[in-house]
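Participant: Starting off with a structure, shown below.
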Amino acid sequence: MRISMDLELQDIPGQLIHVLAPISELSGNIMSIVHHHDKKTFRNTVPVYVIFDIEEQKLEELKEKLEERGITIVRIGKMRLRARTHILLIGHIIHTDLRETVDHIDGTGFAEVQDLSLSMPAIDGPSSAVVTIMATGIGELKRAISMLRDVAEKKDLLMIEPIEERSTIGGVAYAEQ
């Protein structure tokens, strides 16, 4: 079962291993982790977002292990993000604030940038990025793509979408006709 967790860690060295070790001990497979070290919560903790696969019957044991280690579990979601696509952006991606572009999608509550692969051949030249967006469903994915299209236009970035609108739901690819 795919799980997403929002966690809060104390801002001291070595805390991230307190999250990763129990997942590994219970044979979980980490798919993605976002460690927002520069964004403190109002409790002065560091927010961490983890996506992983684990057997459903091990989830309660994992929660107990995390809480024993002083990890605050803010939210647990099961298979929240189900639709996925890949977009290519070309232009001055870094100079037009890549973080703001990613935050624009991540801030929706229904979609997020799951992966980003950046190629920057020259400091002052154009770069390219493959952006993987995941959303709660096909309609939400289309909205996220539209939002990214608007951002790309404003930042003068070339956005190349898949020729066929193709999305993945539960690991199975679907193409719209």
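Note on naming: chains are A, B, ... as they come in the structure tokens, residues start from 1 per chain, ligands start from 1 in the order shown.
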Run DSSP on the backbone and tell me which residues of region 4-171 of chain A come out as strand (DSSP E); list them as a PDB file with C-alpha atoms, in the first residue's frame.

Facilitator:
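Written file, part_7.pdb:
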```
ATOM      1  CA  SER A   4       2.100   9.548   2.273  1.00  0.00           C
ATOM      2  CA  MET A   5       3.027  11.095   5.624  1.00  0.00           C
ATOM      3  CA  ASP A   6       3.520  14.655   6.772  1.00  0.00           C
ATOM      4  CA  LEU A   7       5.897  14.626   9.730  1.00  0.00           C
ATOM      5  CA  GLU A   8       7.664  17.134  11.956  1.00  0.00           C
ATOM      6  CA  LEU A   9      11.236  16.641  13.175  1.00  0.00           C
ATOM      7  CA  ASN A  29      10.101   1.057   0.144  1.00  0.00           C
ATOM      8  CA  ILE A  30      10.648   4.817   0.138  1.00  0.00           C
ATOM      9  CA  MET A  31       9.429   6.435  -3.085  1.00  0.00           C
ATOM     10  CA  SER A  32      10.016  10.107  -2.286  1.00  0.00           C
ATOM     11  CA  ILE A  33      11.082  12.316   0.585  1.00  0.00           C
ATOM     12  CA  VAL A  34      10.966  16.093   0.836  1.00  0.00           C
ATOM     13  CA  HIS A  35      12.832  17.619   3.753  1.00  0.00           C
ATOM     14  CA  VAL A  46      11.180  20.855  10.396  1.00  0.00           C
ATOM     15  CA  PRO A  47       8.397  19.561   8.108  1.00  0.00           C
ATOM     16  CA  VAL A  48       9.134  16.358   6.197  1.00  0.00           C
ATOM     17  CA  TYR A  49       6.935  14.722   3.569  1.00  0.00           C
ATOM     18  CA  VAL A  50       7.509  11.006   2.824  1.00  0.00           C
ATOM     19  CA  ILE A  51       5.871   8.701   0.285  1.00  0.00           C
ATOM     20  CA  PHE A  52       6.529   4.985   0.675  1.00  0.00           C
ATOM     21  CA  ASP A  53       5.063   1.541   0.069  1.00  0.00           C
ATOM     22  CA  THR A  72       5.282  14.073  15.233  1.00  0.00           C
ATOM     23  CA  ILE A  73       2.901  12.575  12.668  1.00  0.00           C
ATOM     24  CA  VAL A  74       0.801  15.395  11.254  1.00  0.00           C
ATOM     25  CA  ARG A  75      -1.035  13.455   8.530  1.00  0.00           C
ATOM     26  CA  ILE A  76      -1.178   9.977   7.029  1.00  0.00           C
ATOM     27  CA  GLY A  77      -2.740   9.427   3.639  1.00  0.00           C
ATOM     28  CA  LYS A  78      -3.325   6.194   1.804  1.00  0.00           C
ATOM     29  CA  ALA A  83      -2.613  10.194 -11.577  1.00  0.00           C
ATOM     30  CA  ARG A  84       0.805  11.034 -13.017  1.00  0.00           C
ATOM     31  CA  THR A  85       2.351  12.695 -16.051  1.00  0.00           C
ATOM     32  CA  HIS A  86       5.735  14.017 -17.170  1.00  0.00           C
ATOM     33  CA  ILE A  87       6.263  17.515 -18.605  1.00  0.00           C
ATOM     34  CA  LEU A  88       9.397  18.962 -20.211  1.00  0.00           C
ATOM     35  CA  LEU A  89      10.273  22.603 -19.490  1.00  0.00           C
ATOM     36  CA  ILE A  90      12.964  24.447 -21.454  1.00  0.00           C
ATOM     37  CA  GLY A  91      14.293  27.942 -20.793  1.00  0.00           C
ATOM     38  CA  ALA A 111      -1.264  17.826  -6.971  1.00  0.00           C
ATOM     39  CA  GLU A 112       2.459  17.923  -6.376  1.00  0.00           C
ATOM     40  CA  VAL A 113       5.757  17.737  -8.165  1.00  0.00           C
ATOM     41  CA  GLN A 114       6.910  14.212  -7.361  1.00  0.00           C
ATOM     42  CA  ASP A 115      10.192  14.326  -9.260  1.00  0.00           C
ATOM     43  CA  LEU A 116      12.293  16.879 -11.089  1.00  0.00           C
ATOM     44  CA  SER A 117      15.308  16.150 -13.269  1.00  0.00           C
ATOM     45  CA  LEU A 118      17.246  19.260 -14.263  1.00  0.00           C
ATOM     46  CA  SER A 119      19.905  19.691 -16.946  1.00  0.00           C
ATOM     47  CA  SER A 127      18.212  24.673 -18.977  1.00  0.00           C
ATOM     48  CA  SER A 128      15.720  21.865 -19.277  1.00  0.00           C
ATOM     49  CA  ALA A 129      13.754  19.961 -16.676  1.00  0.00           C
ATOM     50  CA  VAL A 130      11.547  16.899 -16.748  1.00  0.00           C
ATOM     51  CA  VAL A 131       8.818  17.505 -14.174  1.00  0.00           C
ATOM     52  CA  THR A 132       6.763  14.584 -12.872  1.00  0.00           C
ATOM     53  CA  ILE A 133       3.412  15.729 -11.516  1.00  0.00           C
ATOM     54  CA  MET A 134       1.142  13.500  -9.460  1.00  0.00           C
ATOM     55  CA  ALA A 135      -2.453  14.370  -8.587  1.00  0.00           C
ATOM     56  CA  LEU A 158       8.738  26.322 -23.402  1.00  0.00           C
ATOM     57  CA  MET A 159       6.478  23.577 -22.050  1.00  0.00           C
ATOM     58  CA  ILE A 160       6.328  20.282 -23.916  1.00  0.00           C
ATOM     59  CA  ARG A 166      -1.463   9.759 -20.629  1.00  0.00           C
ATOM     60  CA  SER A 167      -1.941   9.272 -16.937  1.00  0.00           C
ATOM     61  CA  THR A 168      -1.231   6.504 -14.499  1.00  0.00           C
ATOM     62  CA  ILE A 169      -3.800   5.346 -11.981  1.00  0.00           C
TER      63      ILE A 169
END
```

Participant: I want to know what sits within 12 Å of Gly107 (chain A), based on only C-alpha atoms, with residues of the same chain fewer than 6 positions away left out; could you give that as a list of chain:residue names?

Facilitator: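 The residues that qualify are A:Arg99, A:Glu100, A:Thr101, A:Val113, A:Ala135, A:Ala144, A:Met147.
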
Participant: Keeping only C-alpha atoms, write the selected residues to a file as a PDB file, in the first residue's frame.

Facilitator:
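Saved file result.pdb follows:
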```pdb
ATOM      1  CA  ARG A  99      11.155  26.801  -6.291  1.00  0.00           C
ATOM      2  CA  GLU A 100       8.233  29.156  -6.878  1.00  0.00           C
ATOM      3  CA  THR A 101       7.191  27.064  -9.907  1.00  0.00           C
ATOM      4  CA  VAL A 113       5.757  17.737  -8.165  1.00  0.00           C
ATOM      5  CA  ALA A 135      -2.453  14.370  -8.587  1.00  0.00           C
ATOM      6  CA  ALA A 144      -2.236  21.109 -12.444  1.00  0.00           C
ATOM      7  CA  MET A 147      -1.549  25.830 -13.932  1.00  0.00           C
TER       8      MET A 147
END
```

Participant: Taking the chain letters and numbering used in this document, name the residues of region 20-154 of chain A that DSSP puts in alpha helix (DSSP H), as a PyMOL selection string.

Facilitator: chain A and resi 20-25+59-68+98-106+138-154

Participant: Choose the residue, out of A:Leu157, A:Val19, A:His92, A:Leu98, that has the smallest atom-to-atom separation from Glu68 (chain A); count only C-alpha atoms.

Facilitator: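 The closest residue to Glu68 (chain A) is A:Val19.
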
Participant: CA of Gly28 (chain A) to CA of Ile54 (chain A): how many Å, to one decimal?

Facilitator: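 Between these atoms lies a distance of 4.5 Å.
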
Participant: To one decimal place in Å, what is the distance between CA of Gly70 (chain A) and CA of Gln10 (chain A)?

Facilitator: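 That distance, rounded to one decimal, is 8.3 Å.
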